[in-house]
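Notes follow the structure.
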Amino acid sequence: MKEKILRNFGTRIKKLRIKKGWSQEELGDRAGLHRTYIGSIERSERNISLLNIERLAMAFKAKPKDLL
C-alpha cells in the first residue's frame, strides 16, 4: 500500500505541472531531474529527498511548503 503522503505529493506535482502546460520532461529539465524520476514521483513510487523537493519548488517558482 502506498503511503498517503506520497500519493498526495505526487498528485500535487502532477496538477501543478499540467497547470503550467509542461511535460514531465520539461519539468525535469527545469528542476534538474530526469523525466522518468518525475513520472515515478507522480505515480507515488518515490520517497524523494528534501533537496529534490526544493529543486521542484524552484522550477515552479514556489516555496517547498507550497508543494505539500
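Here's how to read the names in the C-alpha cells: chain A, B, ... by the order shown, residue numbers from 1 in each chain, ligand numbers from 1 in the order shown.
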Those in chain A with helix (DSSP H, G or I) from DSSP, as an MDAnalysis selection string:
chainID A and resid 4:20 24:31 35:42 50:60 64:67
For Leu27 (chain A), please output as a short mmCIF file (atom, residue, chain, number, x, y, z; two decimals) with C-alpha atoms, in the first residue's frame all residues within 9 Å (counting only C-alpha atoms; exclusion window: fewer than 3 positions along the same chain).
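out-v9.cif written:
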data_model
loop_
_atom_site.label_atom_id
_atom_site.label_comp_id
_atom_site.auth_asym_id
_atom_site.auth_seq_id
_atom_site.Cartn_x
_atom_site.Cartn_y
_atom_site.Cartn_z
CA ARG A 17 2.88 20.52 -13.95
CA TRP A 22 4.66 21.24 -19.05
CA SER A 23 5.56 17.68 -19.96
CA GLN A 24 7.35 15.52 -17.43
CA ARG A 30 13.67 22.86 -15.21
CA ALA A 31 14.30 21.04 -11.93
CA GLY A 32 17.50 19.26 -12.99
CA LEU A 33 15.84 15.86 -12.62
CA HIS A 34 15.26 13.06 -15.14
CA ARG A 35 11.81 12.78 -16.73
CA ILE A 38 9.28 12.94 -12.34
CA LEU A 56 10.89 21.12 -7.83
CA ALA A 59 11.19 25.00 -11.01
CA PHE A 60 7.63 26.03 -10.13
#
Skipping near chain neighbours, those fewer than 3 positions away, what residues fall within 12 Å of Arg46 (chain A) using only C-alpha atoms, listed as a list in words?
Lys2, Glu3, Ile5, Leu6, Arg7, Phe9, Gly10, Thr36, Tyr37, Ile38, Gly39, Ser40, Ile41, Glu42, Arg43, Ser49, Asn52 and Ile53 of chain A
Based on the selection just made, write C-alpha atoms of those residues as a PDB file, in the first residue's frame.
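Saved as selection-v6.pdb:
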ATOM      1  CA  LYS A   2       1.364   3.392  -0.944  1.00  0.00           C
ATOM      2  CA  GLU A   3       1.616   5.981   1.764  1.00  0.00           C
ATOM      3  CA  ILE A   5       1.639  11.491   1.765  1.00  0.00           C
ATOM      4  CA  LEU A   6       3.388  10.082  -1.328  1.00  0.00           C
ATOM      5  CA  ARG A   7       0.093   9.915  -3.233  1.00  0.00           C
ATOM      6  CA  PHE A   9       2.574  14.835  -3.100  1.00  0.00           C
ATOM      7  CA  GLY A  10       2.649  13.077  -6.467  1.00  0.00           C
ATOM      8  CA  THR A  36      11.422   9.188 -15.532  1.00  0.00           C
ATOM      9  CA  TYR A  37      12.095  10.386 -11.984  1.00  0.00           C
ATOM     10  CA  ILE A  38       9.275  12.943 -12.345  1.00  0.00           C
ATOM     11  CA  GLY A  39       6.963  10.161 -13.526  1.00  0.00           C
ATOM     12  CA  SER A  40       7.861   7.984 -10.564  1.00  0.00           C
ATOM     13  CA  ILE A  41       7.109  10.875  -8.190  1.00  0.00           C
ATOM     14  CA  GLU A  42       3.721  11.385  -9.810  1.00  0.00           C
ATOM     15  CA  ARG A  43       2.978   7.644  -9.513  1.00  0.00           C
ATOM     16  CA  SER A  49      14.566  13.951  -0.563  1.00  0.00           C
ATOM     17  CA  ASN A  52      14.678  17.365  -4.667  1.00  0.00           C
ATOM     18  CA  ILE A  53      11.543  18.940  -3.204  1.00  0.00           C
TER      19      ILE A  53
END
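For the pair CA of Leu68 (chain A) and CA of Gly28 (chain A), the separation is 18.4 Å.
Relative to CA of Leu16 (chain A), CA of Ala62 (chain A) is found at 10.6 Å.
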At a cut-off of 6 Å, using only C-alpha atoms, what residues contact Glu54 (chain A)? Leave out same-chain residues fewer than 3 positions from it and give the result as a PDB file with N, CA, C and O atoms, in the first residue's frame.
ATOM      1  N   LEU A  51      16.036  17.883  -0.724  1.00  0.00           N
ATOM      2  CA  LEU A  51      16.774  18.600  -1.762  1.00  0.00           C
ATOM      3  C   LEU A  51      16.025  18.580  -3.090  1.00  0.00           C
ATOM      4  O   LEU A  51      15.968  19.584  -3.801  1.00  0.00           O
ATOM      5  N   ALA A  57      10.343  22.892  -6.261  1.00  0.00           N
ATOM      6  CA  ALA A  57       9.764  24.183  -5.867  1.00  0.00           C
ATOM      7  C   ALA A  57      10.398  25.314  -6.677  1.00  0.00           C
ATOM      8  O   ALA A  57       9.688  26.211  -7.154  1.00  0.00           O
ATOM      9  N   PRO A  64       8.936  25.362  -1.042  1.00  0.00           N
ATOM     10  CA  PRO A  64       8.737  23.937  -0.818  1.00  0.00           C
ATOM     11  C   PRO A  64       7.414  23.625  -0.100  1.00  0.00           C
ATOM     12  O   PRO A  64       6.735  22.657  -0.447  1.00  0.00           O
TER      13      PRO A  64
END
